>>> print(open('upload_24.csv').read())   # CSV, C-alpha atoms and all ligand atoms
chain,number,residue,atom,x,y,z
A,1343,MET,CA,116.5,116.0,57.8
A,1344,SER,CA,114.9,112.5,57.5
A,1345,ALA,CA,111.3,112.2,56.6
A,1346,PRO,CA,108.9,111.2,59.4
A,1347,SER,CA,108.4,107.4,59.6
A,1348,THR,CA,105.2,106.0,58.3
A,1349,THR,CA,105.4,103.0,60.6
A,1350,THR,CA,103.2,103.2,63.6
A,1351,ALA,CA,104.0,101.8,67.0
A,1352,PRO,CA,102.3,98.5,67.7
A,1353,ALA,CA,99.3,98.9,70.1
A,1354,PRO,CA,100.1,97.6,73.5
A,1355,SER,CA,98.5,94.3,74.4
A,1356,ASP,CA,96.0,93.9,77.3
A,1357,LEU,CA,98.8,92.5,79.4
A,1358,ALA,CA,100.8,95.7,79.0
A,1359,PHE,CA,98.3,97.6,81.0
A,1360,ILE,CA,98.0,97.5,84.8
A,1361,ARG,CA,95.3,99.1,86.9
A,1362,PHE,CA,96.4,102.3,88.5
A,1363,VAL,CA,94.5,103.9,91.4
A,1364,SER,CA,95.4,107.6,91.8
A,1365,VAL,CA,94.7,109.5,95.0
A,1366,GLU,CA,91.6,111.0,93.4
A,1367,ASN,CA,90.3,107.5,92.5
A,1368,MET,CA,91.2,106.1,95.9
A,1369,MET,CA,89.1,108.8,97.6
A,1370,LYS,CA,86.2,108.0,95.2
A,1371,LEU,CA,86.6,104.3,96.0
A,1372,VAL,CA,86.5,104.9,99.8
A,1373,HIS,CA,83.4,107.1,99.5
A,1374,SER,CA,81.6,104.7,97.2
A,1375,ILE,CA,82.2,101.8,99.7
A,1376,GLY,CA,81.9,104.0,102.9
A,1377,VAL,CA,84.7,104.6,105.4
A,1378,GLU,CA,83.2,102.4,108.1
A,1379,THR,CA,82.5,99.5,105.8
A,1380,MET,CA,85.9,99.7,104.2
A,1381,LEU,CA,87.6,99.7,107.6
A,1382,LYS,CA,85.6,96.7,108.7
A,1383,ASP,CA,86.3,94.9,105.4
A,1384,LEU,CA,90.0,95.7,105.6
A,1385,SER,CA,90.1,94.5,109.2
A,1386,ARG,CA,88.6,91.2,108.0
A,1387,TYR,CA,91.0,90.9,105.0
A,1388,ILE,CA,94.0,91.5,107.4
A,1389,GLU,CA,92.6,89.0,109.9
A,1390,ASP,CA,92.2,86.4,107.1
A,1391,ASP,CA,95.8,86.8,106.0
A,1392,PHE,CA,97.0,86.6,109.6
A,1393,LYS,CA,95.2,83.3,109.8
A,1394,ARG,CA,97.3,81.9,107.0
A,1395,TRP,CA,100.5,83.6,108.2
A,1396,GLU,CA,102.7,80.6,107.6
A,1397,GLN,CA,102.0,80.7,103.8
A,1398,PHE,CA,103.7,84.1,103.4
A,1399,ASP,CA,107.3,85.0,102.6
A,1400,LYS,CA,108.4,87.2,105.5
A,1401,THR,CA,111.3,89.6,106.0
A,1402,PRO,CA,111.8,92.7,108.1
A,1403,ARG,CA,111.3,95.7,105.9
A,1404,VAL,CA,114.2,97.1,104.0
A,1405,ALA,CA,114.9,100.5,105.5
A,1406,SER,CA,117.1,103.4,104.3
A,1407,HIS,CA,117.7,105.7,107.3
A,1408,SER,CA,118.8,109.3,107.2
A,1409,GLU,CA,119.1,112.0,109.9
A,1410,GLU,CA,115.6,113.2,109.1
A,1411,GLY,CA,113.6,110.1,108.4
A,1412,VAL,CA,113.4,106.7,106.7
A,1413,ILE,CA,112.4,105.3,103.4
A,1414,GLU,CA,111.3,101.7,103.4
A,1415,LEU,CA,110.3,98.8,101.1
A,1416,MET,CA,107.9,96.2,102.4
A,1417,PRO,CA,107.6,93.0,100.3
A,1418,THR,CA,105.7,89.8,100.8
A,1419,SER,CA,104.1,87.0,98.8
A,1420,ASP,CA,101.6,84.2,99.5
A,1421,GLY,CA,102.8,82.2,96.5
A,1422,GLU,CA,100.0,83.4,94.2
A,1423,ASP,CA,100.4,87.2,94.5
A,1424,TYR,CA,103.5,89.3,95.3
A,1425,GLY,CA,103.1,92.8,96.8
A,1426,PHE,CA,105.3,95.6,98.0
A,1427,LYS,CA,104.8,99.0,99.5
A,1428,TYR,CA,107.2,102.0,99.3
A,1429,VAL,CA,106.7,104.2,102.4
A,1430,ASN,CA,108.5,107.0,104.1
A,1431,GLY,CA,108.4,108.4,107.6
A,1432,HIS,CA,109.7,111.9,108.1
A,1433,PRO,CA,108.5,113.5,111.4
A,1434,LYS,CA,109.9,116.9,110.5
A,1435,ASN,CA,107.9,117.0,107.3
A,1436,MET,CA,104.7,118.2,109.0
A,1437,ARG,CA,106.4,121.4,110.2
A,1438,GLU,CA,107.3,122.1,106.5
A,1439,GLY,CA,103.7,121.5,105.3
A,1440,LEU,CA,104.4,118.0,104.1
A,1441,GLN,CA,103.0,114.6,105.1
A,1442,THR,CA,105.0,112.6,107.7
A,1443,VAL,CA,104.0,109.3,105.9
A,1444,THR,CA,103.5,108.9,102.1
A,1445,ALA,CA,103.2,105.6,100.3
A,1446,PHE,CA,102.4,103.7,97.1
A,1447,GLY,CA,102.3,100.0,96.4
A,1448,LEU,CA,102.1,97.3,93.8
A,1449,LEU,CA,100.5,93.8,93.5
A,1450,ALA,CA,101.9,91.3,90.9
A,1451,ARG,CA,101.1,87.8,89.7
A,1452,VAL,CA,103.6,85.2,90.9
A,1453,ASP,CA,103.0,82.9,87.9
A,1454,THR,CA,104.1,85.5,85.3
A,1455,GLY,CA,105.7,88.2,87.4
A,1456,TYR,CA,103.5,90.7,85.6
A,1457,PRO,CA,102.3,93.5,87.9
A,1458,GLU,CA,98.5,93.9,87.9
A,1459,LEU,CA,97.8,96.8,90.3
A,1460,LEU,CA,99.7,100.0,91.2
A,1461,THR,CA,98.0,102.2,93.7
A,1462,GLU,CA,98.4,105.2,96.0
A,1463,MET,CA,98.9,104.0,99.5
A,1464,THR,CA,99.1,107.1,101.7
A,1465,LEU,CA,95.4,106.9,102.3
A,1466,LEU,CA,95.4,103.2,102.1
A,1467,THR,CA,98.2,103.0,104.8
A,1468,ALA,CA,96.1,105.1,107.2
A,1469,LEU,CA,93.1,102.9,106.6
A,1470,ARG,CA,95.1,99.6,106.9
A,1471,THR,CA,96.9,100.8,110.0
A,1472,ALA,CA,93.7,101.7,111.6
A,1473,ALA,CA,92.0,98.4,110.5
A,1474,THR,CA,95.0,96.5,112.0
A,1475,SER,CA,94.8,98.3,115.3
A,1476,ALA,CA,91.0,97.7,115.5
A,1477,MET,CA,91.3,94.0,114.5
A,1478,VAL,CA,94.0,93.5,117.2
A,1479,ALA,CA,91.9,95.4,119.8
A,1480,SER,CA,89.0,93.1,119.0
A,1481,HIS,CA,91.2,90.2,120.4
A,1482,LEU,CA,92.9,92.0,123.2
A,1483,ALA,CA,91.0,95.0,124.5
A,1484,PRO,CA,88.8,94.6,127.6
A,1485,LYS,CA,85.3,93.4,126.6
A,1486,GLY,CA,82.8,96.2,126.1
A,1487,ALA,CA,85.5,98.9,125.9
A,1488,THR,CA,83.9,102.2,124.9
A,1489,THR,CA,86.5,104.9,125.7
A,1490,MET,CA,89.8,105.4,123.9
A,1491,ALA,CA,92.5,107.9,124.7
A,1492,MET,CA,94.0,109.2,121.4
A,1493,ILE,CA,97.4,110.7,122.0
A,1494,GLY,CA,98.8,112.2,118.9
A,1495,ASN,CA,96.1,113.8,116.7
A,1496,GLY,CA,97.9,113.9,113.4
A,1497,ALA,CA,97.1,112.4,110.0
A,1498,GLN,CA,96.5,108.8,111.3
A,1499,SER,CA,94.4,109.7,114.3
A,1500,GLU,CA,90.9,110.1,112.8
A,1501,PHE,CA,91.3,106.8,110.9
A,1502,GLN,CA,92.3,105.1,114.2
A,1503,ALA,CA,89.2,106.5,115.8
A,1504,MET,CA,86.9,105.5,113.0
A,1505,ALA,CA,88.2,101.9,112.9
A,1506,MET,CA,87.9,101.5,116.7
A,1507,TRP,CA,84.3,102.7,116.4
A,1508,ALA,CA,83.4,100.6,113.3
A,1509,VAL,CA,85.0,97.4,114.5
A,1510,ASN,CA,84.8,97.6,118.3
A,1511,GLY,CA,82.1,100.1,119.2
A,1512,VAL,CA,84.4,102.7,120.8
A,1513,SER,CA,82.2,105.8,121.2
A,1514,THR,CA,84.1,108.2,123.5
A,1515,LEU,CA,87.4,109.7,122.4
A,1516,ARG,CA,89.7,111.6,124.8
A,1517,LEU,CA,92.1,113.5,122.6
A,1518,TYR,CA,95.5,115.0,123.4
A,1519,ASP,CA,98.3,116.4,121.2
A,1520,ILE,CA,101.3,118.4,122.2
A,1521,ASP,CA,100.0,120.9,119.6
A,1522,SER,CA,96.4,121.9,120.4
A,1523,ALA,CA,95.8,122.8,116.7
A,1524,ALA,CA,96.0,119.1,115.9
A,1525,THR,CA,93.4,118.3,118.5
A,1526,ASP,CA,91.1,121.1,117.2
A,1527,LYS,CA,91.5,119.6,113.7
A,1528,ALA,CA,90.6,116.1,114.9
A,1529,VAL,CA,87.6,117.3,116.9
A,1530,ARG,CA,86.4,119.2,113.8
A,1531,ASN,CA,86.8,116.2,111.5
A,1532,LEU,CA,85.2,113.8,113.9
A,1533,SER,CA,82.4,116.0,115.3
A,1534,SER,CA,79.8,114.7,112.8
A,1535,GLN,CA,80.6,111.0,113.3
A,1536,GLY,CA,78.6,110.4,116.5
A,1537,PHE,CA,81.5,110.2,119.0
A,1538,LYS,CA,81.6,111.9,122.4
A,1539,LEU,CA,84.7,114.0,122.0
A,1540,VAL,CA,86.8,115.3,124.9
A,1541,ALA,CA,89.7,117.6,124.1
A,1542,CYS,CA,92.3,117.2,126.9
A,1543,ALA,CA,95.1,119.5,128.1
A,1544,THR,CA,97.5,116.8,129.2
A,1545,PRO,CA,98.1,113.1,128.4
A,1546,GLU,CA,97.2,112.3,132.0
A,1547,GLU,CA,93.8,113.8,131.5
A,1548,ALA,CA,93.4,112.0,128.2
A,1549,ILE,CA,93.8,108.5,129.7
A,1550,GLU,CA,91.4,109.1,132.6
A,1551,GLY,CA,88.7,106.3,132.3
A,1552,ALA,CA,90.0,105.0,129.0
A,1553,GLN,CA,90.0,101.3,128.4
A,1554,ILE,CA,92.1,101.6,125.2
A,1555,ILE,CA,95.1,104.0,124.9
A,1556,THR,CA,96.3,104.7,121.4
A,1557,THR,CA,99.7,106.4,121.0
A,1558,CYS,CA,100.2,107.8,117.5
A,1559,THR,CA,102.8,110.5,117.7
A,1560,ALA,CA,105.7,111.3,115.4
A,1561,ASP,CA,109.1,112.2,116.8
A,1562,LYS,CA,112.4,110.7,115.8
A,1563,GLN,CA,113.7,110.0,119.3
A,1564,TYR,CA,113.1,107.8,122.3
A,1565,ALA,CA,110.1,109.8,123.6
A,1566,THR,CA,108.1,109.1,126.7
A,1567,ILE,CA,104.5,109.7,125.7
A,1568,LEU,CA,103.3,107.4,128.5
A,1569,SER,CA,105.2,106.8,131.7
A,1570,ASP,CA,104.7,103.8,133.9
A,1571,ASN,CA,102.7,105.5,136.7
A,1572,MET,CA,100.1,106.7,134.1
A,1573,VAL,CA,99.0,103.2,133.1
A,1574,GLY,CA,96.5,101.4,135.3
A,1575,ALA,CA,95.6,97.7,135.3
A,1576,GLY,CA,93.4,96.2,132.7
A,1577,VAL,CA,93.9,98.6,129.8
A,1578,HIS,CA,94.8,97.8,126.2
A,1579,ILE,CA,97.6,100.0,124.7
A,1580,ASN,CA,97.7,100.4,121.0
A,1581,ALA,CA,101.2,101.8,120.4
A,1582,ILE,CA,101.7,102.6,116.7
A,1583,GLY,CA,103.9,105.7,116.6
A,1584,GLY,CA,107.2,104.0,117.6
A,1585,ASP,CA,108.2,102.2,114.4
A,1586,CYS,CA,111.8,103.0,113.7
A,1587,PRO,CA,115.2,102.4,115.4
A,1588,GLY,CA,115.6,105.2,118.0
A,1589,LYS,CA,111.9,106.2,117.8
A,1590,THR,CA,109.7,104.9,120.6
A,1591,GLU,CA,106.8,106.3,122.7
A,1592,LEU,CA,106.5,104.3,125.9
A,1593,HIS,CA,108.7,104.1,129.0
A,1594,LYS,CA,110.2,100.7,129.1
A,1595,ASP,CA,108.8,100.0,132.6
A,1596,ILE,CA,105.4,99.8,130.9
A,1597,LEU,CA,106.7,97.0,128.7
A,1598,ALA,CA,108.0,95.1,131.6
A,1599,ARG,CA,104.5,95.2,133.2
A,1600,SER,CA,102.5,94.4,130.1
A,1601,ASP,CA,101.9,91.4,127.9
A,1602,VAL,CA,103.3,92.5,124.6
A,1603,PHE,CA,101.8,91.4,121.2
A,1604,VAL,CA,103.5,92.0,117.9
A,1605,GLU,CA,103.2,91.4,114.2
A,1606,TYR,CA,106.6,89.9,113.1
A,1607,PRO,CA,109.1,89.7,115.9
A,1608,PRO,CA,112.3,90.0,113.7
A,1609,GLN,CA,111.0,93.4,112.5
A,1610,THR,CA,109.5,94.6,115.8
A,1611,ARG,CA,112.7,93.9,117.7
A,1612,ILE,CA,114.4,96.4,115.4
A,1613,GLU,CA,111.7,99.0,115.2
A,1614,GLY,CA,109.1,98.6,117.9
A,1615,GLU,CA,108.9,99.6,121.6
A,1616,ILE,CA,110.6,96.4,122.4
A,1617,GLN,CA,113.9,97.6,120.9
A,1618,GLN,CA,114.4,99.0,124.4
A,1619,MET,CA,114.3,95.5,125.9
A,1620,PRO,CA,116.7,92.6,125.8
A,1621,ASP,CA,116.6,90.4,122.6
A,1622,ASP,CA,114.9,87.6,124.4
A,1623,PHE,CA,112.1,89.8,125.9
A,1624,PRO,CA,109.0,87.6,125.6
A,1625,VAL,CA,106.4,88.6,123.0
A,1626,THR,CA,103.3,86.9,121.5
A,1627,GLU,CA,102.8,86.9,117.8
A,1628,MET,CA,99.3,88.2,116.9
A,1629,TRP,CA,98.7,85.5,114.2
A,1630,GLN,CA,98.9,82.9,117.0
A,1631,VAL,CA,96.2,84.7,119.0
A,1632,ILE,CA,94.0,85.0,115.9
A,1633,THR,CA,94.4,81.3,115.1
A,1634,GLY,CA,93.7,80.3,118.7
A,1635,THR,CA,97.1,78.7,119.3
A,1636,THR,CA,98.1,81.2,122.1
A,1637,PRO,CA,95.7,83.1,124.4
A,1638,GLY,CA,95.3,86.8,124.1
A,1639,ARG,CA,93.8,88.6,127.1
A,1640,THR,CA,93.4,86.2,130.0
A,1641,ASN,CA,92.2,88.4,132.8
A,1642,ASP,CA,90.7,91.8,133.6
A,1643,ARG,CA,93.8,93.2,135.3
A,1644,GLN,CA,96.2,92.3,132.5
A,1645,ILE,CA,97.8,95.2,130.5
A,1646,THR,CA,97.8,94.2,126.9
A,1647,LEU,CA,100.2,96.1,124.6
A,1648,PHE,CA,100.1,96.0,120.8
A,1649,ASP,CA,103.5,97.1,119.7
A,1650,GLY,CA,102.4,97.8,116.1
A,1651,VAL,CA,105.0,98.8,113.6
A,1652,GLY,CA,103.2,97.9,110.4
A,1653,PHE,CA,104.0,94.7,108.6
A,1654,ALA,CA,104.0,93.9,104.8
A,1655,ILE,CA,101.2,91.4,105.1
A,1656,GLU,CA,98.8,94.2,106.2
A,1657,ASP,CA,99.7,96.1,103.0
A,1658,PHE,CA,99.3,92.9,101.0
A,1659,SER,CA,95.8,92.5,102.4
A,1660,ALA,CA,95.0,96.1,101.6
A,1661,LEU,CA,96.3,95.6,98.0
A,1662,ARG,CA,94.3,92.4,97.6
A,1663,TYR,CA,91.2,94.2,98.9
A,1664,VAL,CA,91.6,97.1,96.4
A,1665,ARG,CA,92.1,94.7,93.6
A,1666,ASP,CA,88.9,92.8,94.5
A,1667,GLN,CA,86.9,96.0,94.7
A,1668,LEU,CA,88.0,97.1,91.3
A,1669,ARG,CA,86.2,94.1,89.8
A,1670,ASP,CA,82.9,95.9,90.5
A,1671,ILE,CA,83.9,99.6,91.0
A,1672,PRO,CA,85.9,101.0,88.1
A,1673,TYR,CA,87.9,103.7,89.9
A,1674,PHE,CA,91.1,103.1,88.1
A,1675,GLU,CA,93.0,104.1,85.0
A,1676,LYS,CA,94.9,101.8,82.7
A,1677,LEU,CA,98.6,102.4,82.8
A,1678,ASP,CA,100.8,101.3,80.0
A,1679,ILE,CA,103.7,100.2,82.1
A,1680,ILE,CA,104.8,96.7,80.8
A,1681,ALA,CA,106.6,96.4,77.5
A,1682,ASP,CA,104.9,93.4,76.0
A,1683,PRO,CA,106.0,92.8,72.3
A,1684,ASP,CA,103.9,90.3,70.3
A,1685,ASP,CA,107.1,88.3,69.8
A,1686,PRO,CA,108.6,88.3,73.3
A,1687,ARG,CA,112.1,88.2,71.9
A,1688,ASP,CA,111.6,91.2,69.7
A,1689,LEU,CA,111.8,94.0,72.2
A,1690,PHE,CA,114.3,95.9,70.0
A,1691,GLY,CA,112.1,95.4,67.0
A,1692,MET,CA,109.2,96.9,69.0
A,1693,LEU,CA,111.3,99.9,69.8
A,1694,GLN,CA,112.4,100.4,66.2
A,1695,ARG,CA,108.8,100.2,64.9
A,1696,ALA,CA,107.8,103.0,67.3
A,1697,LYS,CA,110.2,105.5,65.6
B,1701,LIG,N1,102.5,101.2,113.0
B,1701,LIG,C1,102.1,101.6,111.8
B,1701,LIG,O1,101.7,100.7,111.0
B,1701,LIG,C2,102.2,103.0,111.3
B,1701,LIG,C3,101.5,103.4,110.1
B,1701,LIG,C4,101.5,104.7,109.8
B,1701,LIG,C5,102.1,105.6,110.6
B,1701,LIG,N2,102.8,105.2,111.8
B,1701,LIG,C6,103.4,106.2,112.6
B,1701,LIG,O2,102.4,106.9,113.4
B,1701,LIG,C7,102.9,108.1,113.8
B,1701,LIG,C8,101.9,109.2,113.5
B,1701,LIG,O3,101.8,109.4,112.1
B,1701,LIG,P1,101.0,110.6,111.4
B,1701,LIG,O4,100.9,110.4,110.0
B,1701,LIG,O5,99.7,110.7,112.2
B,1701,LIG,O6,102.0,111.8,111.8
B,1701,LIG,P2,101.6,113.3,112.0
B,1701,LIG,O7,102.9,114.0,111.9
B,1701,LIG,O8,100.5,113.7,111.0
B,1701,LIG,O9,101.0,113.5,113.4
B,1701,LIG,C9,101.8,113.2,114.6
B,1701,LIG,C10,101.2,114.1,115.7
B,1701,LIG,O10,101.9,113.7,116.9
B,1701,LIG,C11,102.0,114.9,117.7
B,1701,LIG,N3,103.0,114.8,118.7
B,1701,LIG,C12,104.4,114.7,118.6
B,1701,LIG,N4,104.9,114.6,119.8
B,1701,LIG,C13,103.9,114.5,120.7
B,1701,LIG,C14,103.9,114.3,122.1
B,1701,LIG,N5,105.0,114.2,122.8
B,1701,LIG,N6,102.7,114.2,122.7
B,1701,LIG,C15,101.5,114.3,122.0
B,1701,LIG,N7,101.5,114.5,120.7
B,1701,LIG,C16,102.7,114.6,120.0
B,1701,LIG,C17,102.3,116.0,116.7
B,1701,LIG,O11,102.0,117.3,117.2
B,1701,LIG,C18,101.4,115.6,115.5
B,1701,LIG,O12,100.1,116.2,115.6
B,1701,LIG,C19,104.2,108.3,113.0
B,1701,LIG,O13,105.3,108.1,113.9
B,1701,LIG,C20,104.2,107.3,112.0
B,1701,LIG,O14,105.5,106.8,111.6
B,1701,LIG,C21,102.8,103.9,112.1
>>> encode(input="upload_24.csv", output="structure tokens")
Amino acid sequence: MSAPSTTTAPAPSDLAFIRFVSVENMMKLVHSIGVETMLKDLSRYIEDDFKRWEQFDKTPRVASHSEEGVIELMPTSDGEDYGFKYVNGHPKNMREGLQTVTAFGLLARVDTGYPELLTEMTLLTALRTAATSAMVASHLAPKGATTMAMIGNGAQSEFQAMAMWAVNGVSTLRLYDIDSAATDKAVRNLSSQGFKLVACATPEEAIEGAQIITTCTADKQYATILSDNMVGAGVHINAIGGDCPGKTELHKDILARSDVFVEYPPQTRIEGEIQQMPDDFPVTEMWQVITGTTPGRTNDRQITLFDGVGFAIEDFSALRYVRDQLRDIPYFEKLDIIADPDDPRDLFGMLQRAK
């Protein structure tokens, strides 16, 4: 048996460490900032990045489909930072006591390629999705909208409600889920937030008097959560649950009657509600509305439809936001994830010295 080595492993350099935000630390971060403030901040960060849309590398996300769900990678870069998110979508998970959507993500420096932040993104995805919906609604929803129908009362729903309240002043929620236990849960969670909450027995009842309709259900099929005769003039539809090939929420006649707004058309044509329409079905890109190059809502009777599938730039904005917050709020651990030998060519020597 050989004697234990007396050589000690070299201490990792500062560059070897990246900031890691666990779920526990993300929850502390959210509470220290405040949910409403964070949703408003995220909505501003996302809007700022939509304003500089043309600076970003863009590609439809890379999806690996199975019978039961999808696992996706969502990369982008603005030339200074590079970010990606790993995310899954498994509608059957909920019945097995698991999350439908889980995620984590990473931000790296483009000049060295060294990662600088690794973070949980299950909570952050719910927050950024809600902040995106609210930011889009601030451009498209009827002015002074106060009532939202929330169809699908699962994991995303309370975040959607909170963001619509924080950013747009929505104060009445009409809730419907195929499973009334989900509605009971959402009512319980939101009861201390100052909303007027109405639990509804049917989707038709939920949309009565609503100026904004959010569909946020999970089902891996062409579902019809809203049919054409349910949607009246002038509403804004925030459709976020249809985000995969073969997974939609709206009857296509609604699309034909609406002005449809999207994040990144090449991805939305694969994954969004508009997968039901011909390839040349007209859509407006949200970044053009935000920069003022294309009008958003133009009249009171128009139905505006945000066919939101979730795009990499929204995750990049969220990663950028978390990185900026960590400068003042130390809710992270240092993770020794980059092998960074003193002599960059002596990787093997570093390994030997660690024996
Ligand atoms: N666009 C985006 O950026 C984005 C981001 C995150 C999640 N999503 C999608 O949003 C959806 C919801 O996600 P989640 O995490 O809240 O899922 P979840 O499984 O926690 O909740 C989904 C809810 O929908 C309900 N539901 C299913 N069919 C219904 C129907 N016909 N009518 C009414 N309710 C119905 C279920 O009972 C459940 O309560 C998923 O499809 C997910 O892929 C989109």
>>> residues_near_ligand(input="upload_24.csv", ligand="ligand LIG 1701 (chain B)", cutoff="8 Å", atoms="only C-alpha atoms and all ligand atoms", output="PyMOL selection string")
chain A and resi 1431-1436+1441-1443+1467-1468+1470-1471+1474+1493-1499+1518-1525+1545+1558-1562+1565-1567+1581-1586+1589+1649-1653
>>> residues_around(input="upload_24.csv", residues="A:His1481", least_positions_apart="6", cutoff="12 Å", atoms="all atoms listed in the file", output="list of chain:residue names")
A:Glu1389, A:Thr1474, A:Ser1475, A:Ala1487, A:Val1509, A:Asn1510, A:His1578, A:Phe1603, A:Met1628, A:Trp1629, A:Gln1630, A:Val1631, A:Ile1632, A:Thr1633, A:Gly1634, A:Thr1636, A:Pro1637, A:Gly1638, A:Arg1639, A:Thr1640, A:Thr1646, A:Leu1647, A:Phe1648
>>> closest_residue(input="upload_24.csv", among="A:Thr1418, A:Thr1514, A:Thr1461, A:Gln1397", to="A:Phe1537", atoms="all atoms listed in the file")
A:Thr1514
>>> atom_distance(input="upload_24.csv", atom1="atom CA of A:Met1492", atom2="atom CA of A:Thr1556")
5.1 Å
>>> axis_aligned_box(input="upload_24.csv", around="stretch 1569-1587 of chain A", padding_each_side="5 Å", output="JSON")
{"center_x": 104.3, "center_y": 101.5, "center_z": 125.2, "size_x": 31.8, "size_y": 20.6, "size_z": 33.0}
>>> atom_distance(input="upload_24.csv", atom1="atom CA of A:Glu1546", atom2="atom CA of A:Met1572")
6.6 Å
>>> residues_around(input="upload_24.csv", residues="A:Met1463", least_positions_apart="4", cutoff="8 Å", atoms="only C-alpha atoms", output="ChimeraX atom specification")
/A:1427,1444-1447,1467
>>> closest_residue(input="upload_24.csv", among="A:Ile1671, A:Ile1679, A:Leu1517, A:Ile1579", to="A:Ser1374", atoms="all atoms listed in the file")
A:Ile1671
>>> atom_distance(input="upload_24.csv", atom1="atom CA of A:Ser1355", atom2="atom CA of A:Glu1462")
24.2 Å
>>> residues_around(input="upload_24.csv", residues="A:Ala1450", least_positions_apart="3", cutoff="7 Å", atoms="only C-alpha atoms", output="list in words")
Asp1423, Tyr1424, Gly1425, Gly1455, Tyr1456, Pro1457, Glu1458 and Leu1459 of chain A
>>> write_last_selection(input="upload_24.csv", atoms="C-alpha atoms", output="PDB file, in the frame of the given file")
ATOM      1  CA  ASP A1423     100.400  87.200  94.500  1.00  0.00           C
ATOM      2  CA  TYR A1424     103.500  89.300  95.300  1.00  0.00           C
ATOM      3  CA  GLY A1425     103.100  92.800  96.800  1.00  0.00           C
ATOM      4  CA  GLY A1455     105.700  88.200  87.400  1.00  0.00           C
ATOM      5  CA  TYR A1456     103.500  90.700  85.600  1.00  0.00           C
ATOM      6  CA  PRO A1457     102.300  93.500  87.900  1.00  0.00           C
ATOM      7  CA  GLU A1458      98.500  93.900  87.900  1.00  0.00           C
ATOM      8  CA  LEU A1459      97.800  96.800  90.300  1.00  0.00           C
TER       9      LEU A1459
END
>>> residues_around(input="upload_24.csv", residues="A:His1407", least_positions_apart="4", cutoff="10 Å", atoms="all atoms listed in the file", output="VMD selection string")
chain A and resid 1411 to 1414 1430 to 1431 1586 to 1587
